[in-house]
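File shown: input_24.tsv. Contents: TSV, C-alpha atoms.
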```
chain	number	residue	atom	x	y	z
O	15	MET	CA	-1.95	28.54	-19.97
O	16	GLN	CA	1.42	29.42	-21.50
O	17	VAL	CA	2.25	27.72	-24.81
O	18	GLN	CA	5.90	27.60	-25.79
O	19	THR	CA	7.21	27.11	-29.32
O	20	SER	CA	10.78	26.61	-30.47
O	21	LEU	CA	12.82	25.43	-33.43
O	22	ALA	CA	14.52	22.09	-32.98
O	23	ALA	CA	18.26	22.46	-32.50
O	24	LYS	CA	20.57	20.26	-34.55
O	25	PRO	CA	21.89	17.55	-32.21
O	26	GLU	CA	25.62	17.33	-31.59
O	27	GLY	CA	27.38	13.99	-31.39
O	28	ARG	CA	25.21	10.92	-30.89
O	29	PRO	CA	22.44	11.66	-28.42
O	30	GLY	CA	20.74	8.30	-28.95
O	31	SER	CA	17.02	7.63	-29.07
O	32	GLY	CA	14.41	5.59	-27.28
O	33	PRO	CA	13.30	5.69	-23.64
O	34	LEU	CA	15.98	6.24	-21.03
O	35	ILE	CA	15.11	3.38	-18.70
O	36	PRO	CA	17.00	3.29	-15.39
O	37	PRO	CA	19.20	0.20	-14.93
O	38	LEU	CA	16.85	-1.11	-12.24
O	39	THR	CA	13.11	-0.64	-12.70
O	40	GLU	CA	10.04	-2.04	-10.98
O	41	SER	CA	9.91	-4.77	-13.59
O	42	ALA	CA	13.49	-5.80	-12.77
O	43	ARG	CA	13.39	-5.93	-9.01
O	44	PRO	CA	16.13	-7.75	-7.04
O	45	LEU	CA	15.63	-11.51	-6.98
O	46	ARG	CA	15.28	-11.48	-3.20
O	47	GLN	CA	12.33	-9.12	-3.51
O	48	GLN	CA	10.74	-11.17	-6.30
O	49	VAL	CA	11.11	-14.33	-4.22
O	50	PHE	CA	9.54	-12.74	-1.15
O	51	GLU	CA	6.62	-11.27	-3.08
O	52	ARG	CA	5.90	-14.59	-4.77
O	53	ILE	CA	5.94	-16.39	-1.41
O	54	ARG	CA	3.64	-13.78	0.11
O	55	ALA	CA	1.21	-13.99	-2.81
O	56	ALA	CA	1.14	-17.81	-2.76
O	57	GLY	CA	0.70	-18.18	1.00
O	58	GLN	CA	3.10	-21.10	0.97
O	59	ILE	CA	5.11	-22.51	-1.91
O	60	PRO	CA	7.92	-25.09	-2.37
O	61	ARG	CA	11.36	-23.91	-3.52
O	62	ALA	CA	11.19	-25.94	-6.72
O	63	GLN	CA	7.95	-24.27	-7.73
O	64	LEU	CA	9.42	-20.86	-6.91
O	65	ALA	CA	12.32	-21.53	-9.24
O	66	ARG	CA	9.98	-22.60	-12.05
O	67	GLU	CA	7.66	-19.62	-11.68
O	68	LEU	CA	10.51	-17.12	-11.54
O	69	ALA	CA	12.47	-18.89	-14.31
O	70	VAL	CA	15.69	-18.96	-12.27
O	71	SER	CA	17.94	-21.74	-11.05
O	72	PRO	CA	17.11	-23.69	-7.86
O	73	ALA	CA	20.49	-22.57	-6.47
O	74	SER	CA	19.52	-18.90	-6.90
O	75	VAL	CA	16.23	-19.49	-5.09
O	76	THR	CA	18.01	-21.34	-2.28
O	77	SER	CA	20.45	-18.46	-1.83
O	78	ALA	CA	17.70	-15.83	-1.79
O	79	THR	CA	15.48	-17.78	0.60
O	80	TYR	CA	18.41	-18.43	2.94
O	81	GLU	CA	18.87	-14.67	3.29
O	82	LEU	CA	15.16	-14.13	3.90
O	83	ILE	CA	15.03	-16.88	6.53
O	84	ALA	CA	18.10	-15.47	8.25
O	85	ALA	CA	16.45	-12.04	8.29
O	86	GLY	CA	13.38	-13.54	9.97
O	87	LEU	CA	11.04	-12.60	7.12
O	88	ILE	CA	10.05	-16.07	5.90
O	89	GLU	CA	10.05	-19.56	7.39
O	90	GLU	CA	9.88	-23.18	6.33
O	91	THR	CA	6.57	-24.99	6.77
O	92	THR	CA	5.74	-28.65	6.32
O	93	THR	CA	2.59	-30.21	4.94
O	94	ALA	CA	1.71	-33.90	4.92
O	95	SER	CA	1.65	-35.63	1.53
O	96	PRO	CA	-1.86	-36.29	0.12
O	97	GLU	CA	-1.41	-40.05	0.51
O	98	GLY	CA	-0.12	-39.72	4.03
O	99	ARG	CA	3.11	-41.49	3.15
O	100	GLY	CA	6.70	-40.36	2.81
O	101	ARG	CA	8.33	-37.21	4.05
O	102	PRO	CA	6.21	-34.12	4.65
O	103	ALA	CA	6.58	-31.56	1.87
O	104	VAL	CA	8.64	-28.48	2.78
O	105	SER	CA	7.29	-25.12	1.67
O	106	LEU	CA	8.09	-21.49	2.37
O	107	ALA	CA	5.75	-18.94	3.92
O	108	VAL	CA	5.90	-15.40	5.25
O	109	ARG	CA	6.73	-15.36	8.96
O	110	ALA	CA	3.48	-13.78	10.14
O	111	GLU	CA	4.77	-12.77	13.58
O	112	ALA	CA	7.75	-10.89	12.12
O	113	LEU	CA	5.95	-7.57	12.53
O	114	LEU	CA	2.59	-5.82	12.82
O	115	VAL	CA	1.19	-2.85	10.92
O	116	ALA	CA	-1.97	-0.77	11.29
O	117	GLY	CA	-4.27	0.69	8.67
O	118	MET	CA	-6.73	3.53	9.13
O	119	LYS	CA	-9.39	5.15	7.00
O	120	LEU	CA	-10.40	8.71	7.85
O	121	SER	CA	-13.80	9.77	6.57
O	122	ASP	CA	-16.45	12.43	6.99
O	123	HIS	CA	-18.64	10.40	9.33
O	124	GLU	CA	-16.44	7.75	10.94
O	125	HIS	CA	-12.86	6.55	11.21
O	126	THR	CA	-11.93	2.88	10.93
O	127	ALA	CA	-8.71	1.10	11.90
O	128	VAL	CA	-7.33	-2.44	11.68
O	129	ILE	CA	-4.13	-4.23	12.67
O	130	VAL	CA	-2.65	-7.05	10.59
O	131	ASP	CA	0.42	-9.23	10.89
O	132	PHE	CA	3.23	-9.51	8.32
O	133	ALA	CA	1.26	-12.07	6.30
O	134	GLY	CA	-1.77	-9.78	6.14
O	135	ASN	CA	-3.90	-11.69	8.65
O	136	LEU	CA	-6.42	-9.53	10.51
O	137	ILE	CA	-5.58	-9.18	14.23
O	138	ALA	CA	-7.91	-6.43	15.47
O	139	SER	CA	-10.32	-3.78	14.20
O	140	GLY	CA	-12.13	-0.74	15.56
O	141	MET	CA	-14.34	2.17	14.54
O	142	MET	CA	-14.98	5.67	15.85
O	143	ARG	CA	-18.00	7.79	14.98
O	144	ARG	CA	-17.39	11.49	14.47
O	145	ARG	CA	-19.36	14.63	13.79
O	146	PRO	CA	-19.63	15.34	10.05
O	147	GLY	CA	-17.58	18.09	8.46
O	148	ALA	CA	-14.00	19.25	8.29
O	149	VAL	CA	-11.98	19.59	11.50
O	150	ASP	CA	-8.66	21.20	12.31
O	151	LEU	CA	-5.44	19.23	12.45
O	152	HIS	CA	-5.33	19.09	16.26
O	153	GLU	CA	-8.76	17.49	16.48
O	154	LEU	CA	-7.92	14.99	13.75
O	155	LEU	CA	-4.69	14.02	15.51
O	156	GLU	CA	-6.55	13.43	18.76
O	157	ALA	CA	-9.09	11.20	17.03
O	158	THR	CA	-6.32	9.27	15.27
O	159	GLU	CA	-4.49	8.65	18.54
O	160	THR	CA	-7.64	7.55	20.37
O	161	LEU	CA	-8.66	5.10	17.65
O	162	LEU	CA	-5.18	3.61	17.25
O	163	ASP	CA	-4.90	3.07	21.01
O	164	GLN	CA	-8.30	1.38	20.93
O	165	VAL	CA	-7.26	-1.23	18.34
O	166	CYS	CA	-3.84	-1.71	19.95
O	167	THR	CA	-5.57	-2.51	23.24
O	168	GLN	CA	-7.82	-4.98	21.44
O	169	ALA	CA	-4.76	-6.61	19.87
O	170	GLY	CA	-2.95	-6.71	23.22
O	171	ILE	CA	0.00	-4.66	21.99
O	172	GLU	CA	1.54	-1.25	22.49
O	173	ARG	CA	1.86	1.40	19.81
O	174	ARG	CA	5.63	1.05	19.67
O	175	GLN	CA	5.22	-2.54	18.43
O	176	LEU	CA	3.76	-1.31	15.14
O	177	ALA	CA	6.19	-1.17	12.23
O	178	ALA	CA	4.07	1.37	10.36
O	179	LEU	CA	0.64	2.96	10.03
O	180	GLY	CA	-1.02	3.35	6.63
O	181	MET	CA	-3.74	5.99	6.36
O	182	GLY	CA	-6.39	6.66	3.74
O	183	VAL	CA	-7.71	10.22	3.41
O	184	PRO	CA	-10.38	11.55	1.03
O	185	GLY	CA	-9.23	14.34	-1.24
O	186	PHE	CA	-6.00	15.26	-3.02
O	187	VAL	CA	-3.08	13.46	-1.40
O	188	ASP	CA	0.59	13.39	-2.39
O	189	THR	CA	1.66	10.05	-0.95
O	190	ALA	CA	5.36	10.53	-1.71
O	191	GLU	CA	5.47	13.83	0.21
O	192	GLY	CA	2.94	12.74	2.85
O	193	VAL	CA	0.97	15.94	2.23
O	194	VAL	CA	-2.80	16.42	2.03
O	195	LEU	CA	-3.34	19.20	-0.50
O	196	TRP	CA	-7.10	19.29	0.16
O	197	SER	CA	-9.48	17.01	2.02
O	198	SER	CA	-13.09	17.12	3.12
O	199	VAL	CA	-12.00	16.00	6.62
O	200	LEU	CA	-9.51	18.83	7.20
O	201	THR	CA	-10.03	22.57	7.42
O	202	GLY	CA	-6.49	23.33	6.29
O	203	ARG	CA	-4.73	22.81	2.97
O	204	GLN	CA	-1.20	21.65	2.20
O	205	VAL	CA	-1.16	19.74	5.50
O	206	PRO	CA	1.95	17.54	6.11
O	207	LEU	CA	-0.29	14.90	7.66
O	208	ALA	CA	2.13	11.97	7.56
O	209	THR	CA	4.76	13.95	9.47
O	210	GLU	CA	2.26	15.30	11.99
O	211	VAL	CA	0.65	11.93	12.73
O	212	SER	CA	4.03	10.21	12.96
O	213	ALA	CA	5.27	12.81	15.45
O	214	ARG	CA	2.09	12.44	17.54
O	215	LEU	CA	2.04	8.62	17.57
O	216	SER	CA	5.77	7.82	17.32
O	217	VAL	CA	5.00	5.41	14.45
O	218	PRO	CA	6.13	5.67	10.81
O	219	VAL	CA	3.14	6.85	8.74
O	220	ILE	CA	2.31	6.53	5.04
O	221	ILE	CA	-0.78	8.24	3.63
O	222	ASP	CA	-2.69	7.99	0.36
O	223	ASN	CA	-6.02	8.87	-1.20
O	224	ASP	CA	-8.66	6.56	0.25
O	225	ALA	CA	-9.93	5.33	-3.15
O	226	ASN	CA	-6.40	4.19	-3.99
O	227	LEU	CA	-6.48	2.09	-0.85
O	228	VAL	CA	-9.68	0.32	-1.92
O	229	ALA	CA	-7.87	-0.62	-5.13
O	230	LEU	CA	-4.93	-1.83	-3.02
O	231	ALA	CA	-7.30	-3.88	-0.86
O	232	GLU	CA	-8.70	-5.58	-3.97
O	233	LEU	CA	-5.17	-6.08	-5.32
O	234	TRP	CA	-3.87	-7.64	-2.10
O	235	PHE	CA	-6.89	-9.39	-0.64
O	236	GLY	CA	-9.68	-9.42	-3.25
O	237	VAL	CA	-10.60	-10.22	-6.84
O	238	GLY	CA	-7.83	-8.02	-8.23
O	239	ARG	CA	-5.05	-10.37	-7.12
O	240	GLY	CA	-5.01	-12.20	-10.44
O	241	LEU	CA	-5.72	-9.22	-12.72
O	242	THR	CA	-3.19	-7.08	-14.57
O	243	ASP	CA	-5.37	-3.99	-14.95
O	244	PHE	CA	-8.59	-3.04	-13.19
O	245	ALA	CA	-10.44	0.01	-11.91
O	246	VAL	CA	-12.21	0.58	-8.60
O	247	VAL	CA	-14.82	3.34	-8.46
O	248	THR	CA	-15.90	4.25	-4.93
O	249	ILE	CA	-19.13	6.02	-4.06
O	250	GLU	CA	-19.59	7.21	-0.50
O	251	HIS	CA	-19.29	10.71	0.90
O	252	GLY	CA	-17.48	11.49	-2.35
O	253	LEU	CA	-16.70	9.68	-5.60
O	254	GLY	CA	-13.20	8.33	-6.08
O	255	MET	CA	-11.24	5.99	-8.27
O	256	GLY	CA	-8.21	3.77	-7.92
O	257	PHE	CA	-6.57	2.19	-10.95
O	258	VAL	CA	-4.20	-0.77	-11.05
O	259	MET	CA	-1.97	-0.96	-14.11
O	260	ASN	CA	0.38	-3.89	-14.63
O	261	HIS	CA	-0.25	-5.12	-11.06
O	262	ARG	CA	0.74	-1.72	-9.66
O	263	LEU	CA	-1.30	1.19	-8.36
O	264	TYR	CA	-1.20	4.03	-10.87
O	265	ARG	CA	-1.04	7.54	-9.37
O	266	GLY	CA	0.15	9.81	-12.18
O	267	ALA	CA	3.23	11.99	-12.65
O	268	GLN	CA	2.48	14.15	-9.59
O	269	ARG	CA	0.74	11.35	-7.63
O	270	LEU	CA	-2.62	13.12	-8.00
O	271	GLY	CA	-4.21	11.22	-10.87
O	272	MET	CA	-7.40	9.15	-11.05
O	273	GLU	CA	-9.65	11.88	-9.63
O	274	LEU	CA	-12.68	10.61	-11.52
O	275	GLY	CA	-15.04	12.40	-9.14
O	276	HIS	CA	-13.61	15.76	-10.20
O	277	THR	CA	-13.82	15.25	-13.93
O	278	LYS	CA	-16.32	17.74	-15.32
O	279	VAL	CA	-19.67	16.54	-16.64
O	280	GLN	CA	-21.48	19.88	-16.74
O	281	LEU	CA	-19.99	23.30	-17.43
O	282	ASP	CA	-21.04	25.78	-14.72
O	283	GLY	CA	-22.97	22.93	-13.12
O	284	ALA	CA	-23.66	21.90	-9.54
O	285	LEU	CA	-21.27	23.05	-6.82
O	286	CYS	CA	-18.81	20.38	-5.69
O	287	ARG	CA	-17.34	20.30	-2.20
O	288	CYS	CA	-13.89	20.84	-3.79
O	289	GLY	CA	-15.06	24.37	-4.64
O	290	GLN	CA	-15.47	23.92	-8.41
O	291	ARG	CA	-18.64	23.36	-10.41
O	292	GLY	CA	-19.81	20.56	-12.65
O	293	CYS	CA	-17.77	17.73	-11.09
O	294	LEU	CA	-19.14	14.21	-11.46
O	295	GLU	CA	-19.10	13.86	-7.66
O	296	ALA	CA	-21.51	16.78	-7.33
O	297	TYR	CA	-24.18	14.67	-9.04
O	298	VAL	CA	-23.51	11.20	-7.60
O	299	ALA	CA	-22.06	11.39	-4.07
O	300	ASP	CA	-24.22	11.22	-0.96
O	301	TYR	CA	-24.26	14.98	-0.37
O	302	ALA	CA	-25.41	15.44	-3.98
O	303	LEU	CA	-28.32	13.02	-3.47
O	304	ALA	CA	-29.21	14.71	-0.18
O	305	ARG	CA	-29.12	18.14	-1.82
O	306	GLU	CA	-31.45	16.96	-4.57
O	307	ALA	CA	-33.81	15.38	-2.03
O	308	THR	CA	-34.13	18.48	0.16
O	309	THR	CA	-34.92	20.58	-2.92
O	310	ALA	CA	-37.09	18.32	-5.09
O	311	LEU	CA	-39.02	16.75	-2.20
O	312	ASP	CA	-39.20	19.94	-0.14
O	313	TRP	CA	-37.30	18.30	2.70
O	314	GLY	CA	-35.63	21.47	3.91
O	315	HIS	CA	-36.90	20.74	7.41
O	316	ARG	CA	-34.83	17.53	7.41
O	317	GLU	CA	-31.47	19.14	6.63
O	318	SER	CA	-30.39	18.73	10.26
O	319	GLN	CA	-30.81	14.94	10.04
O	320	PRO	CA	-27.72	12.72	9.66
O	321	ILE	CA	-27.15	12.24	5.96
O	322	GLU	CA	-27.40	8.44	6.29
O	323	LEU	CA	-30.97	8.74	7.63
O	324	LEU	CA	-31.96	11.16	4.91
O	325	LEU	CA	-30.60	8.89	2.17
O	326	GLU	CA	-32.25	5.81	3.66
O	327	SER	CA	-35.54	7.68	3.66
O	328	LEU	CA	-34.99	8.74	0.06
O	329	TYR	CA	-34.25	5.15	-0.90
O	330	ASP	CA	-37.36	3.88	0.90
O	331	HIS	CA	-39.47	6.45	-0.95
O	332	ALA	CA	-38.00	5.36	-4.29
O	333	LYS	CA	-38.64	1.70	-3.49
O	334	GLY	CA	-42.16	2.60	-2.44
O	335	GLY	CA	-42.96	4.07	-5.84
O	336	ASP	CA	-42.27	7.78	-5.27
O	337	ALA	CA	-41.52	9.04	-8.80
O	338	ILE	CA	-39.50	12.06	-7.64
O	339	ALA	CA	-37.29	9.98	-5.32
O	340	HIS	CA	-36.78	7.44	-8.12
O	341	SER	CA	-35.86	10.22	-10.57
O	342	ILE	CA	-33.16	11.50	-8.18
O	343	PHE	CA	-31.41	8.13	-8.18
O	344	ARG	CA	-32.00	7.76	-11.92
O	345	ARG	CA	-30.35	11.11	-12.63
O	346	ALA	CA	-27.37	10.22	-10.46
O	347	GLY	CA	-27.14	6.86	-12.23
O	348	ARG	CA	-27.06	8.55	-15.63
O	349	TYR	CA	-24.15	10.74	-14.58
O	350	LEU	CA	-22.41	7.69	-13.17
O	351	ALA	CA	-22.88	6.01	-16.56
O	352	VAL	CA	-21.04	8.94	-18.16
O	353	GLY	CA	-18.15	8.55	-15.70
O	354	LEU	CA	-17.91	4.77	-16.16
O	355	SER	CA	-17.97	5.05	-19.95
O	356	ASN	CA	-15.08	7.51	-19.76
O	357	VAL	CA	-13.12	5.01	-17.64
O	358	VAL	CA	-13.69	2.32	-20.27
O	359	ASN	CA	-12.83	4.60	-23.19
O	360	LEU	CA	-9.66	5.89	-21.52
O	361	PHE	CA	-8.23	2.80	-19.83
O	362	ASP	CA	-9.92	-0.33	-21.22
O	363	PRO	CA	-9.69	-2.13	-17.84
O	364	ALA	CA	-10.20	-5.87	-17.46
O	365	LEU	CA	-12.73	-5.23	-14.69
O	366	ILE	CA	-14.54	-2.31	-13.06
O	367	ILE	CA	-15.41	-2.70	-9.38
O	368	LEU	CA	-18.06	-0.44	-7.86
O	369	SER	CA	-17.31	-0.23	-4.17
O	370	GLY	CA	-18.50	1.60	-1.11
O	371	ASN	CA	-21.40	1.82	1.27
O	372	ARG	CA	-23.62	3.62	-1.24
O	373	MET	CA	-23.70	0.49	-3.39
O	374	ARG	CA	-26.66	-0.49	-1.22
O	375	TYR	CA	-28.65	1.85	-3.44
O	376	ASP	CA	-29.08	-0.42	-6.44
O	377	TYR	CA	-30.71	2.35	-8.50
O	378	LEU	CA	-27.20	3.73	-9.06
O	379	TYR	CA	-26.23	0.65	-11.04
O	380	ALA	CA	-29.65	-0.42	-12.32
O	381	PRO	CA	-29.82	-2.18	-15.72
O	382	GLU	CA	-30.84	1.06	-17.46
O	383	THR	CA	-27.78	2.79	-16.00
O	384	LEU	CA	-25.43	0.08	-17.29
O	385	ASP	CA	-27.21	0.10	-20.65
O	386	GLU	CA	-26.63	3.83	-20.89
O	387	MET	CA	-22.94	3.30	-20.09
O	388	ARG	CA	-22.71	0.73	-22.90
O	389	ASN	CA	-24.25	3.21	-25.33
O	390	LEU	CA	-21.61	5.80	-24.42
O	391	VAL	CA	-18.63	3.48	-24.85
O	392	ILE	CA	-16.76	3.34	-28.15
O	393	ARG	CA	-18.36	0.68	-30.35
O	394	SER	CA	-15.48	-1.60	-31.21
O	395	GLY	CA	-17.38	-4.84	-31.51
O	396	ARG	CA	-15.45	-6.24	-28.56
O	397	PRO	CA	-16.95	-7.13	-25.19
O	398	LEU	CA	-17.05	-4.48	-22.49
O	399	PRO	CA	-15.31	-5.06	-19.17
O	400	PRO	CA	-17.49	-6.75	-16.57
O	401	ILE	CA	-18.73	-4.67	-13.65
O	402	GLU	CA	-18.83	-6.08	-10.14
O	403	VAL	CA	-20.46	-4.48	-7.12
O	404	HIS	CA	-18.69	-4.82	-3.78
O	405	ALA	CA	-20.67	-3.17	-1.01
O	406	TRP	CA	-17.92	-3.55	1.58
O	407	GLY	CA	-17.80	-1.52	4.75
O	408	ASP	CA	-15.04	0.81	5.83
O	409	GLN	CA	-12.93	-2.06	7.14
O	410	LEU	CA	-11.95	-2.92	3.56
O	411	TRP	CA	-10.63	0.61	3.08
O	412	ALA	CA	-8.59	0.28	6.26
O	413	ARG	CA	-7.22	-3.07	5.10
O	414	GLY	CA	-6.07	-1.32	1.95
O	415	ALA	CA	-4.19	1.06	4.23
O	416	THR	CA	-2.45	-1.94	5.83
O	417	ALA	CA	-1.41	-3.06	2.34
O	418	LEU	CA	0.14	0.39	1.85
O	419	ALA	CA	2.01	0.01	5.16
O	420	LEU	CA	3.11	-3.57	4.44
O	421	SER	CA	4.36	-2.57	1.01
O	422	SER	CA	6.41	0.30	2.43
O	423	VAL	CA	7.86	-1.74	5.30
O	424	THR	CA	8.68	-4.68	3.02
O	425	GLU	CA	10.43	-2.43	0.53
O	426	ALA	CA	12.59	-0.96	3.29
O	427	LEU	CA	13.45	-4.37	4.76
O	428	LEU	CA	14.34	-5.98	1.45
O	429	ASN	CA	16.48	-3.05	0.30
O	430	ARG	CA	18.62	-3.09	3.43
O	431	ARG	CA	22.23	-3.90	2.84
```
Could I get this file's structure written as structure tokens?
Amino acid sequence: MQVQTSLAAKPEGRPGSGPLIPPLTESARPLRQQVFERIRAAGQIPRAQLARELAVSPASVTSATYELIAAGLIEETTTASPEGRGRPAVSLAVRAEALLVAGMKLSDHEHTAVIVDFAGNLIASGMMRRRPGAVDLHELLEATETLLDQVCTQAGIERRQLAALGMGVPGFVDTAEGVVLWSSVLTGRQVPLATEVSARLSVPVIIDNDANLVALAELWFGVGRGLTDFAVVTIEHGLGMGFVMNHRLYRGAQRLGMELGHTKVQLDGALCRCGQRGCLEAYVADYALAREATTALDWGHRESQPIELLLESLYDHAKGGDAIAHSIFRRAGRYLAVGLSNVVNLFDPALIILSGNRMRYDYLYAPETLDEMRNLVIRSGRPLPPIEVHAWGDQLWARGATALALSSVTEALLNRR
């Protein structure tokens, strides 16, 4: 690491002070965009309520909604009054049939895809099993095309009818550049995956780290909709984290932040699949549990088994009273407690969500694990954030990918002149 030192130069003129905030920031979005997002979040909402919630004049809301209706993005809906008398109430809603997007999660053992309409309603879903391990780009593109065609057929549409495809990929992903720097599903590095998939499928593609998409799924469709700040920690083939800050997904300066699984918990420790040692993931993820099982239980003869079967067997042994099997989960839980306490100490989230298929293994979040986390958190005298366990399947991850696609498409539509 190079450390630079310098003497401060005497400023000339009046350079000013304070943050240089651009004239238009995310917190000062165009009124048309604010109106649309509020309608989408509400499902349906009257104009008068829109004006009150946005603290703008009814005339401004009328002007903005007129543009959105003319663009075919929202529509007027009517609902009968509760008493059944008088005129039906007129509300505004997103025009669901305006467009369709797809979302896809790529993983080490299976790929999942869904299609939703413009309002986020699920239209079709599909899943494809795959052989574990990294594959080359050509093989991944073929699998992506096959799965997308499968869900398009189920939805009764053609690929060209999709406005965008959002994709979640494990590993280090630069969403702005559409580049996968490293992933457990790809043999190559620095892969321009968004460009390659888009060229293969003739559909605009946006990619992101898969854990970010679980956070997006909770933000758009789950318990995170009403929260300002929350964290999602995912435990599956790896360990990931997505963090929502001020209702927005936080990615970091280079879009590579929130890699909780690759924070170090042991110097010169266990080998992680990223190539480094001592990562939290190397003690908690499924391959870490399987590695411990084959060594501690002398299960070397079972290494050729699918990892899901091996873990289920390990879990059954622990439930059946096997002390060694129980200690493997207990050790992983203790490391998880370290990771969760660091999340609390660093970010102070309103809620932590534990998500992923491995949440079936309740030893990972047993009372003693959560007690250990509490002991590692700064003692401020204030209550700790609640922890919720959401053992969703891969479809939730794919729905997060549709939220990524919807967000991108909406941004482009609303910023058209």
Given all atoms listed in the file as the counted atoms, nearest of O:Thr158, O:Asn260, O:Ser105, O:Ser341 to O:Leu215: O:Thr158
Distance of atom CA of O:Leu106 from atom CA of O:Leu410, expressed in Å to one decimal place: 27.3 Å
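Residues having any atom no farther than 10 Å from (3.3, 9.6, 10.1) (counting all atoms listed in the file) are Ala178, Leu179, Gly180, Met181, Gly192, Pro206, Leu207, Ala208, Thr209, Glu210, Val211, Ser212, Ala213, Arg214, Leu215, Ser216, Val217, Pro218, Val219, Ile220 and Ile221 of chain O.
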List the neighbours of O:Ala229 out to 12 Å using all atoms listed in the file; skip same-chain residues closer than 6 positions along the sequence, and give me the result as a ChimeraX atom specification. /O:182,222-223,235-239,241,243-248,254-259,261-265,272,365-370,404,410-415,417-418
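Between atom CA of O:His340 and atom CA of O:Glu295 the interatomic distance comes to 18.8 Å.
Across O:Leu120, O:Trp313, O:Pro60, O:Met373, the tightest approach to O:Pro102 is made by O:Pro60 when counting only C-alpha atoms.
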For a cut-off of 12 Å around (13.1, -11.8, 9.0), file coordinates, pick out all residues using all atoms listed in the file and list them as a ChimeraX atom specification. /O:50,79-89,107-113,132,423-424,427-428,430
Students should find that atom CA of O:Ala56 and atom CA of O:Ala225 are spaced 25.7 Å
With a distance cut-off of 9 Å and all atoms listed in the file, select the neighbouring residues of O:Ala307, excluding the residue or stretch itself and same-chain residues fewer than 2 positions from it, and output the selection as a ChimeraX atom specification. /O:302-305,309-314,324-325,328,338-339,342
If we count only C-alpha atoms, what is near O:Ala116 at a cut-off of 6 Å, once residues fewer than 5 positions away on the same chain are taken out, given as number ranges by chain? O: 128-129, 179, 416
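If all atoms listed in the file are the atoms counted, then among O:Ile321, O:Ser327, O:Ala380, O:Gly353 the closest residue to O:His276 is O:Gly353.
Candidate residues O:Glu273, O:Glu382, O:Glu191, O:Glu51 were compared for distance to O:Leu253, and the nearest is O:Glu273, using all atoms listed in the file.
Considering all atoms listed in the file, the residue among O:Pro320, O:Gly57, O:Leu64, O:Tyr349 positioned nearest to O:Leu45 is O:Leu64.
With all atoms listed in the file as the basis for measurement, O:Gln175 is the residue among O:Gln175, O:Asn429, O:Thr242, O:Gln290 that approaches O:Leu114 most closely.
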Please provide as an MDAnalysis selection string all residues within 10 Å of O:Leu384, with the sequence filter that same-chain residues fewer than 3 positions apart are discarded (counting only C-alpha atoms). chainID O and resid 347:348 350:352 354:355 378:381 387:390 401
